[in-house]
Amino acid sequence: MIPKKMEAFLRERLPVQTWENRLVQEDGRCYMEFTSVDVDRLARLGIEVDNLGPHSVVCMWDETAPLEVGGYLVVDNLAMGRPSMGGIRMLPDITPGAVRSLARGMTLKNAASNLPFGGGKVGIVAERSLTSEEHAEVVRRFARLLFKYRFVFLPGPDVGTNDSDMKIIAIENGLDTVVSKPEEMGGSRVDQLGAAAGGMVIALQALLEEMPATEVPTQFADLEIPTREKLTILIQGFGAVGAHTARMLSDRIPGAKIIGISDALGYLYDPEGLPVERLFRMWQERVSVTRPHFMEDLLSARWGVSHTKYCSAPNDLLRESGFCLIPASPISNYLDLEDSSQPSITVDRMGKWTVIIEGANTYSPERSRRAARLRMEREVYRKRGVLIAIDYW
């Protein structure tokens with residue numbers, strides 16, 4: 001059946017006539033397709049057509065499924081080649097506009113890397129409370145929806161999905177229809193090894209080497225470059241990127257302290273450093289770690305004094321201070337000047353950071369359009385002496 005949140009979103013934005021004229025059903029599989037000529041309909045879905053795309057947008061769901069199975073495919077651009085390539089994001093509140101932004105990011109990244117693939121992305125609308133069996137069934141049935149578009153879209157894992165999900169899609173649609181398959185299917189173990197996180201660590205290492213040159217500009221007159229033993233790091237989003245980043249930082253920059261992490265259940269903060277190895281193992285087993293660590297390790301501790309703080313509000317991690325902030329959650333708007341855009345936090349409440357390493361994999365054309373706001377943000381960063389690293393992608 002169509003996910004309730006997805007149906008409510010589409011019913012609110014698309015007129016009845018569009019449902020009647022565009023809805024195509026094939027053995028219970030339902031599709032509504034739009035192209036760049038459907039400017040008005042795409043605008044209703046939160047997508048603005050420009051010179052690059054999108055090439056096509058598809059709303060799809062399985063009407064015969066006992067579970068809620070549905071989501072959005074956006075093929076943004078095929079100029080570099082076909083099929084387009086991008087991840088499958090699985091979240092309860094994913095929208096066509098968010099998927100388009102992610103697809104545009106893939107268009108730019110593939111082009112910048114000179115890869116012969118266009119840019120695309122998929123968002124599956126699914127609750128986080130699904131059991132592992134239900135999750136697998138949703139992926140399996142969605143794979144059957146995607147089969148129709150196997151020549152224009154090549155999926156990989158993203159937030160909410162992993163290599164095991166790609167295995168399911170490969171079994172349903174064929175080995176050549178997905179990337180980042182498990183090793184036994186000829187995959188490269190990219191996510192398992194944390195390749196994206198490696199780029200984060202390299203970016204921080206490069207910044208540390210270049211930072212002495214920043215002491216000349218006046219806005220960095222008070223800049224203090226810490227020793228490795230005093231290097232403190234906050235990670236917003238302890239997932240596939242954030243968890244591996246924490247693990248690699250401990251290995252590659254000995255002495256550096258991960259003092260704060262957040263996930264969907266809250267955040268942990270300890271100025272003395274968090275137990276990264278323990279948290280990484282817990283993440284591998286359970287996905288979410290902040291609340292379980294608090295309940296099982298902190299509340300049950302009978303001896304000694306703990307410096308670790310737990311808060312059930314994940315965004316409040318950005319109130320804490322540290323040398324480096326790494327935004328690595330599926331939230332593009334983690335910082336803004338005002339509450340109207342619903343950021344994770346506004347600059348008047350943010351902690352003090354010296355370096356930001358961008359790890360959030362989201363392109364935002366809306367923020368690109370608001371040049372005045374960007375200029376103001378840069379002015380805020382300049383006055384606060386914050387260095388912004390180039391996105392690891």
# chains A, B, ... in the order shown; residues from 1 in each chain; ligands from 1
>>> residues_around(residues="Pro327 in chain A", least_positions_apart="4", cutoff="8 Å", atoms="only C-alpha atoms", output="PyMOL selection string")
chain A and resi 235-237+334+356-360
>>> residues_around(residues="Val152 in chain A", least_positions_apart="3", cutoff="9 Å", atoms="only C-alpha atoms", output="ChimeraX atom specification")
/A:75,78,82-85,118,120,149
>>> atom_distance(atom1="CA of Thr35 in chain A", atom2="CA of Lys5 in chain A")
23.2 Å
>>> select_by_dssp(residues="range 13-203 of chain A", states="strand (DSSP E)", output="PDB file with C-alpha atoms, in the first residue's frame")
ATOM      1  CA  LEU A  23      -1.337   7.478 -12.542  1.00  0.00           C
ATOM      2  CA  VAL A  24      -0.272   4.261 -14.303  1.00  0.00           C
ATOM      3  CA  GLN A  25      -0.858   0.849 -12.694  1.00  0.00           C
ATOM      4  CA  GLU A  26       0.981  -2.327 -13.674  1.00  0.00           C
ATOM      5  CA  ARG A  29       2.656  -1.262  -9.062  1.00  0.00           C
ATOM      6  CA  CYS A  30       1.712   2.417  -9.336  1.00  0.00           C
ATOM      7  CA  TYR A  31       3.671   5.183 -11.051  1.00  0.00           C
ATOM      8  CA  MET A  32       3.218   8.908 -11.632  1.00  0.00           C
ATOM      9  CA  GLU A  33       5.919  10.271 -13.939  1.00  0.00           C
ATOM     10  CA  PHE A  34       6.887  13.892 -14.559  1.00  0.00           C
ATOM     11  CA  THR A  35       9.549  15.480 -16.754  1.00  0.00           C
ATOM     12  CA  SER A  56      12.440  12.860 -14.725  1.00  0.00           C
ATOM     13  CA  VAL A  57      10.664  12.493 -11.395  1.00  0.00           C
ATOM     14  CA  VAL A  58       8.670   9.379 -10.512  1.00  0.00           C
ATOM     15  CA  CYS A  59       6.341   8.849  -7.556  1.00  0.00           C
ATOM     16  CA  MET A  60       5.909   5.086  -7.131  1.00  0.00           C
ATOM     17  CA  TRP A  61       4.281   2.670  -4.726  1.00  0.00           C
ATOM     18  CA  ASP A  62       3.085  -0.922  -4.435  1.00  0.00           C
ATOM     19  CA  GLY A  70       6.554   3.702  -1.805  1.00  0.00           C
ATOM     20  CA  GLY A  71       8.864   6.583  -2.538  1.00  0.00           C
ATOM     21  CA  TYR A  72      10.404   8.854  -5.156  1.00  0.00           C
ATOM     22  CA  LEU A  73      12.948   8.472  -7.944  1.00  0.00           C
ATOM     23  CA  VAL A  74      14.633  11.577  -9.344  1.00  0.00           C
ATOM     24  CA  VAL A  75      16.865  11.297 -12.404  1.00  0.00           C
ATOM     25  CA  ASP A  76      18.367  14.768 -12.421  1.00  0.00           C
ATOM     26  CA  ASN A  77      20.677  14.822 -15.436  1.00  0.00           C
ATOM     27  CA  SER A  84      22.289   7.988 -13.521  1.00  0.00           C
ATOM     28  CA  MET A  85      23.862   6.874 -10.260  1.00  0.00           C
ATOM     29  CA  GLY A  86      23.006   7.684  -6.639  1.00  0.00           C
ATOM     30  CA  GLY A  87      21.964   6.240  -3.319  1.00  0.00           C
ATOM     31  CA  ILE A  88      18.662   5.073  -1.876  1.00  0.00           C
ATOM     32  CA  ARG A  89      17.719   7.077   1.210  1.00  0.00           C
ATOM     33  CA  MET A  90      15.104   5.532   3.509  1.00  0.00           C
ATOM     34  CA  LEU A  91      13.424   7.938   5.930  1.00  0.00           C
ATOM     35  CA  GLY A 118      24.312  10.973 -14.638  1.00  0.00           C
ATOM     36  CA  GLY A 119      22.985  12.078 -11.264  1.00  0.00           C
ATOM     37  CA  GLY A 120      20.018  10.455  -9.578  1.00  0.00           C
ATOM     38  CA  LYS A 121      18.629   9.542  -6.186  1.00  0.00           C
ATOM     39  CA  VAL A 122      15.814   7.563  -4.567  1.00  0.00           C
ATOM     40  CA  GLY A 123      13.906   8.253  -1.375  1.00  0.00           C
ATOM     41  CA  ILE A 124      11.842   5.460   0.203  1.00  0.00           C
ATOM     42  CA  VAL A 125       9.179   6.653   2.635  1.00  0.00           C
ATOM     43  CA  PHE A 153      19.104   4.673 -12.591  1.00  0.00           C
ATOM     44  CA  LEU A 154      21.806   2.671 -10.780  1.00  0.00           C
ATOM     45  CA  PRO A 155      21.240   2.659  -6.995  1.00  0.00           C
ATOM     46  CA  GLY A 156      23.648   2.338  -4.089  1.00  0.00           C
ATOM     47  CA  PRO A 157      23.274   2.570  -0.300  1.00  0.00           C
TER      48      PRO A 157
END
>>> residues_around(residues="range 241-256 of chain A", least_positions_apart="6", cutoff="6 Å", atoms="only C-alpha atoms", output="PyMOL selection string")
chain A and resi 194+197+228-229+231+328
>>> atom_distance(atom1="CA of Ala65 in chain A", atom2="CA of Ser129 in chain A")
17.7 Å
>>> residues_around(residues="Asp165 in chain A", least_positions_apart="4", cutoff="9 Å", atoms="only C-alpha atoms", output="number ranges by chain")
A: 135-136, 139-140, 156-157, 161, 169-170, 181
>>> residues_around(residues="Tyr310 in chain A", least_positions_apart="4", cutoff="12 Å", atoms="only C-alpha atoms", output="PDB file with N, CA and C atoms, in the first residue's frame")
ATOM      1  N   ILE A 259      34.643  14.185  21.513  1.00  0.00           N
ATOM      2  CA  ILE A 259      34.001  14.590  22.767  1.00  0.00           C
ATOM      3  C   ILE A 259      32.477  14.648  22.675  1.00  0.00           C
ATOM      4  N   GLY A 260      31.928  14.569  21.462  1.00  0.00           N
ATOM      5  CA  GLY A 260      30.474  14.632  21.320  1.00  0.00           C
ATOM      6  C   GLY A 260      30.011  13.942  20.066  1.00  0.00           C
ATOM      7  N   ILE A 261      28.910  13.185  20.179  1.00  0.00           N
ATOM      8  CA  ILE A 261      28.281  12.569  19.016  1.00  0.00           C
ATOM      9  C   ILE A 261      26.760  12.682  19.172  1.00  0.00           C
ATOM     10  N   SER A 262      26.043  12.610  18.063  1.00  0.00           N
ATOM     11  CA  SER A 262      24.582  12.613  18.128  1.00  0.00           C
ATOM     12  C   SER A 262      24.030  11.600  17.145  1.00  0.00           C
ATOM     13  N   ASP A 263      22.823  11.124  17.434  1.00  0.00           N
ATOM     14  CA  ASP A 263      22.069  10.293  16.505  1.00  0.00           C
ATOM     15  C   ASP A 263      20.588  10.598  16.711  1.00  0.00           C
ATOM     16  N   LEU A 265      18.442   9.439  18.623  1.00  0.00           N
ATOM     17  CA  LEU A 265      17.928   9.313  19.988  1.00  0.00           C
ATOM     18  C   LEU A 265      18.495  10.344  20.961  1.00  0.00           C
ATOM     19  N   GLY A 266      19.441  11.162  20.509  1.00  0.00           N
ATOM     20  CA  GLY A 266      19.992  12.170  21.410  1.00  0.00           C
ATOM     21  C   GLY A 266      21.452  12.442  21.142  1.00  0.00           C
ATOM     22  N   TYR A 267      22.144  12.979  22.148  1.00  0.00           N
ATOM     23  CA  TYR A 267      23.585  13.195  21.983  1.00  0.00           C
ATOM     24  C   TYR A 267      24.332  12.901  23.278  1.00  0.00           C
ATOM     25  N   LEU A 268      25.604  12.538  23.104  1.00  0.00           N
ATOM     26  CA  LEU A 268      26.518  12.284  24.216  1.00  0.00           C
ATOM     27  C   LEU A 268      27.629  13.314  24.152  1.00  0.00           C
ATOM     28  N   TYR A 269      28.060  13.777  25.325  1.00  0.00           N
ATOM     29  CA  TYR A 269      29.165  14.742  25.373  1.00  0.00           C
ATOM     30  C   TYR A 269      30.026  14.443  26.597  1.00  0.00           C
ATOM     31  N   ASP A 270      31.317  14.382  26.367  1.00  0.00           N
ATOM     32  CA  ASP A 270      32.265  14.169  27.460  1.00  0.00           C
ATOM     33  C   ASP A 270      33.548  14.909  27.132  1.00  0.00           C
ATOM     34  N   LEU A 274      34.951  10.400  24.488  1.00  0.00           N
ATOM     35  CA  LEU A 274      34.007   9.289  24.529  1.00  0.00           C
ATOM     36  C   LEU A 274      34.700   7.970  24.171  1.00  0.00           C
ATOM     37  N   VAL A 289      23.088   4.626  19.217  1.00  0.00           N
ATOM     38  CA  VAL A 289      23.986   4.317  20.336  1.00  0.00           C
ATOM     39  C   VAL A 289      23.854   5.246  21.539  1.00  0.00           C
ATOM     40  N   THR A 290      23.369   6.465  21.340  1.00  0.00           N
ATOM     41  CA  THR A 290      23.453   7.441  22.430  1.00  0.00           C
ATOM     42  C   THR A 290      22.633   7.024  23.646  1.00  0.00           C
ATOM     43  N   ARG A 291      21.364   6.729  23.422  1.00  0.00           N
ATOM     44  CA  ARG A 291      20.527   6.321  24.550  1.00  0.00           C
ATOM     45  C   ARG A 291      20.932   4.951  25.112  1.00  0.00           C
ATOM     46  N   PRO A 292      21.191   3.927  24.271  1.00  0.00           N
ATOM     47  CA  PRO A 292      21.646   2.651  24.823  1.00  0.00           C
ATOM     48  C   PRO A 292      22.909   2.778  25.669  1.00  0.00           C
ATOM     49  N   HIS A 293      23.869   3.610  25.223  1.00  0.00           N
ATOM     50  CA  HIS A 293      25.087   3.799  26.008  1.00  0.00           C
ATOM     51  C   HIS A 293      24.773   4.435  27.355  1.00  0.00           C
ATOM     52  N   PHE A 294      23.874   5.409  27.328  1.00  0.00           N
ATOM     53  CA  PHE A 294      23.487   6.059  28.578  1.00  0.00           C
ATOM     54  C   PHE A 294      22.803   5.072  29.525  1.00  0.00           C
ATOM     55  N   MET A 295      21.856   4.300  29.011  1.00  0.00           N
ATOM     56  CA  MET A 295      21.076   3.397  29.848  1.00  0.00           C
ATOM     57  C   MET A 295      21.903   2.221  30.357  1.00  0.00           C
ATOM     58  N   ASP A 297      25.509   1.684  30.038  1.00  0.00           N
ATOM     59  CA  ASP A 297      26.877   1.875  30.511  1.00  0.00           C
ATOM     60  C   ASP A 297      26.993   2.952  31.589  1.00  0.00           C
ATOM     61  N   LEU A 298      26.206   4.016  31.452  1.00  0.00           N
ATOM     62  CA  LEU A 298      26.343   5.122  32.389  1.00  0.00           C
ATOM     63  C   LEU A 298      25.469   4.935  33.623  1.00  0.00           C
ATOM     64  N   LEU A 299      24.193   4.602  33.422  1.00  0.00           N
ATOM     65  CA  LEU A 299      23.309   4.441  34.577  1.00  0.00           C
ATOM     66  C   LEU A 299      23.677   3.223  35.416  1.00  0.00           C
ATOM     67  N   SER A 306      31.410   9.842  36.386  1.00  0.00           N
ATOM     68  CA  SER A 306      31.376   9.959  34.935  1.00  0.00           C
ATOM     69  C   SER A 306      31.230  11.422  34.546  1.00  0.00           C
ATOM     70  N   PRO A 314      18.857  15.674  20.015  1.00  0.00           N
ATOM     71  CA  PRO A 314      20.078  15.534  19.205  1.00  0.00           C
ATOM     72  C   PRO A 314      20.693  16.854  18.765  1.00  0.00           C
ATOM     73  N   ASP A 316      20.903  19.633  20.136  1.00  0.00           N
ATOM     74  CA  ASP A 316      21.584  20.399  21.164  1.00  0.00           C
ATOM     75  C   ASP A 316      23.076  20.086  21.247  1.00  0.00           C
ATOM     76  N   LEU A 317      23.524  19.061  20.531  1.00  0.00           N
ATOM     77  CA  LEU A 317      24.974  18.823  20.453  1.00  0.00           C
ATOM     78  C   LEU A 317      25.678  20.056  19.917  1.00  0.00           C
TER      79      LEU A 317
END
>>> closest_residue(among="A:Leu325, A:Val287, A:Met6, A:Val355", to="Arg128 in chain A", atoms="only C-alpha atoms")
A:Val287
>>> select_by_dssp(residues="range 28-276 of chain A", states="helix (DSSP H, G or I)", output="ChimeraX atom specification")
/A:39-44,96-112,132-149,163-173,175-177,183-185,190-193,195-215,218-220,228-230,242-252,276
>>> write_last_selection(atoms="C-alpha atoms", output="mmCIF file, in the first residue's frame")
data_model
loop_
_atom_site.group_PDB
_atom_site.id
_atom_site.type_symbol
_atom_site.label_atom_id
_atom_site.label_comp_id
_atom_site.auth_asym_id
_atom_site.auth_seq_id
_atom_site.Cartn_x
_atom_site.Cartn_y
_atom_site.Cartn_z
ATOM 1 C CA VAL A 39 7.002 22.877 -14.485
ATOM 2 C CA ASP A 40 3.813 23.533 -12.531
ATOM 3 C CA ARG A 41 3.362 19.998 -11.219
ATOM 4 C CA LEU A 42 7.001 19.741 -10.168
ATOM 5 C CA ALA A 43 6.753 23.110 -8.430
ATOM 6 C CA ARG A 44 3.847 21.709 -6.425
ATOM 7 C CA PRO A 96 10.524 14.792 -3.705
ATOM 8 C CA GLY A 97 12.259 18.141 -3.159
ATOM 9 C CA ALA A 98 14.810 16.584 -0.821
ATOM 10 C CA VAL A 99 15.425 13.718 -3.240
ATOM 11 C CA ARG A 100 15.914 16.188 -6.095
ATOM 12 C CA SER A 101 18.482 18.126 -4.060
ATOM 13 C CA LEU A 102 20.379 14.906 -3.405
ATOM 14 C CA ALA A 103 20.151 13.933 -7.077
ATOM 15 C CA ARG A 104 21.568 17.316 -8.113
ATOM 16 C CA GLY A 105 24.456 16.717 -5.742
ATOM 17 C CA MET A 106 25.142 13.430 -7.544
ATOM 18 C CA THR A 107 24.997 15.203 -10.925
ATOM 19 C CA LEU A 108 27.681 17.647 -9.806
ATOM 20 C CA LYS A 109 29.843 15.066 -8.022
ATOM 21 C CA ASN A 110 29.828 12.593 -10.895
ATOM 22 C CA ALA A 111 30.630 15.376 -13.354
ATOM 23 C CA ALA A 112 33.419 16.772 -11.161
ATOM 24 C CA SER A 132 14.638 -6.181 10.063
ATOM 25 C CA GLU A 133 12.233 -8.523 8.263
ATOM 26 C CA GLU A 134 9.858 -5.676 7.407
ATOM 27 C CA HIS A 135 12.767 -3.505 6.250
ATOM 28 C CA ALA A 136 13.973 -6.260 3.910
ATOM 29 C CA GLU A 137 10.467 -6.752 2.524
ATOM 30 C CA VAL A 138 10.063 -3.030 1.834
ATOM 31 C CA VAL A 139 13.407 -2.970 -0.005
ATOM 32 C CA ARG A 140 12.486 -6.109 -1.956
ATOM 33 C CA ARG A 141 9.152 -4.739 -3.135
ATOM 34 C CA PHE A 142 10.633 -1.331 -3.915
ATOM 35 C CA ALA A 143 13.295 -3.066 -6.014
ATOM 36 C CA ARG A 144 10.470 -4.451 -8.162
ATOM 37 C CA LEU A 145 9.185 -0.908 -8.617
ATOM 38 C CA LEU A 146 12.668 0.236 -9.677
ATOM 39 C CA PHE A 147 13.102 -2.566 -12.225
ATOM 40 C CA LYS A 148 11.239 -0.486 -14.780
ATOM 41 C CA TYR A 149 13.914 2.221 -14.543
ATOM 42 C CA ASP A 163 25.088 -3.229 1.283
ATOM 43 C CA SER A 164 22.675 -5.958 2.424
ATOM 44 C CA ASP A 165 19.821 -3.977 0.894
ATOM 45 C CA MET A 166 21.780 -3.721 -2.356
ATOM 46 C CA LYS A 167 22.089 -7.508 -2.269
ATOM 47 C CA ILE A 168 18.300 -7.763 -2.138
ATOM 48 C CA ILE A 169 17.966 -5.427 -5.127
ATOM 49 C CA ALA A 170 20.633 -7.353 -7.050
ATOM 50 C CA ILE A 171 18.783 -10.619 -6.434
ATOM 51 C CA GLU A 172 15.514 -9.069 -7.623
ATOM 52 C CA ASN A 173 16.776 -7.023 -10.574
ATOM 53 C CA LEU A 175 23.809 -8.062 -10.469
ATOM 54 C CA ASP A 176 24.419 -5.119 -12.798
ATOM 55 C CA THR A 177 21.512 -3.065 -11.441
ATOM 56 C CA GLU A 183 31.770 -8.802 -1.068
ATOM 57 C CA GLU A 184 30.367 -12.254 -1.864
ATOM 58 C CA MET A 185 28.545 -10.729 -4.845
ATOM 59 C CA VAL A 190 32.987 0.675 0.282
ATOM 60 C CA ASP A 191 30.475 1.282 3.065
ATOM 61 C CA GLN A 192 31.770 -1.544 5.239
ATOM 62 C CA LEU A 193 35.274 -0.060 5.195
ATOM 63 C CA ALA A 195 35.538 5.045 2.468
ATOM 64 C CA ALA A 196 33.523 8.263 2.822
ATOM 65 C CA ALA A 197 34.779 8.684 6.374
ATOM 66 C CA GLY A 198 38.342 8.342 5.123
ATOM 67 C CA GLY A 199 37.825 11.499 3.083
ATOM 68 C CA MET A 200 36.701 13.327 6.218
ATOM 69 C CA VAL A 201 39.850 12.373 8.089
ATOM 70 C CA ILE A 202 42.072 13.325 5.158
ATOM 71 C CA ALA A 203 40.349 16.738 4.976
ATOM 72 C CA LEU A 204 41.021 17.375 8.664
ATOM 73 C CA GLN A 205 44.644 16.265 8.366
ATOM 74 C CA ALA A 206 45.138 18.576 5.380
ATOM 75 C CA LEU A 207 43.593 21.511 7.266
ATOM 76 C CA LEU A 208 45.834 20.948 10.259
ATOM 77 C CA GLU A 209 48.853 21.127 7.959
ATOM 78 C CA GLU A 210 47.657 24.336 6.299
ATOM 79 C CA MET A 211 46.340 26.130 9.371
ATOM 80 C CA PRO A 212 49.611 27.879 10.332
ATOM 81 C CA ALA A 213 49.202 30.000 7.175
ATOM 82 C CA THR A 214 45.836 31.294 8.440
ATOM 83 C CA GLU A 215 47.420 33.186 11.328
ATOM 84 C CA THR A 218 43.178 39.557 11.079
ATOM 85 C CA GLN A 219 40.013 37.492 11.600
ATOM 86 C CA PHE A 220 42.226 34.589 12.676
ATOM 87 C CA ARG A 228 47.043 16.403 18.771
ATOM 88 C CA GLU A 229 46.383 15.707 22.454
ATOM 89 C CA LYS A 230 44.125 18.769 22.687
ATOM 90 C CA GLY A 242 30.071 9.618 11.394
ATOM 91 C CA ALA A 243 30.787 6.297 13.124
ATOM 92 C CA HIS A 244 33.573 5.365 10.719
ATOM 93 C CA THR A 245 34.991 8.882 10.968
ATOM 94 C CA ALA A 246 35.236 8.538 14.755
ATOM 95 C CA ARG A 247 36.958 5.170 14.415
ATOM 96 C CA MET A 248 39.438 6.391 11.805
ATOM 97 C CA LEU A 249 40.266 9.581 13.706
ATOM 98 C CA SER A 250 41.251 7.510 16.716
ATOM 99 C CA ASP A 251 43.586 5.471 14.501
ATOM 100 C CA ARG A 252 45.042 8.160 12.222
ATOM 101 C CA VAL A 276 34.883 5.398 20.514
#
>>> residues_around(residues="Lys4 in chain A", least_positions_apart="3", cutoff="12 Å", atoms="only C-alpha atoms", output="count of residues only")
18
>>> closest_residue(among="A:Gly160, A:Pro271, A:Gly28, A:Gly239", to="Trp283 in chain A", atoms="only C-alpha atoms")
A:Gly239
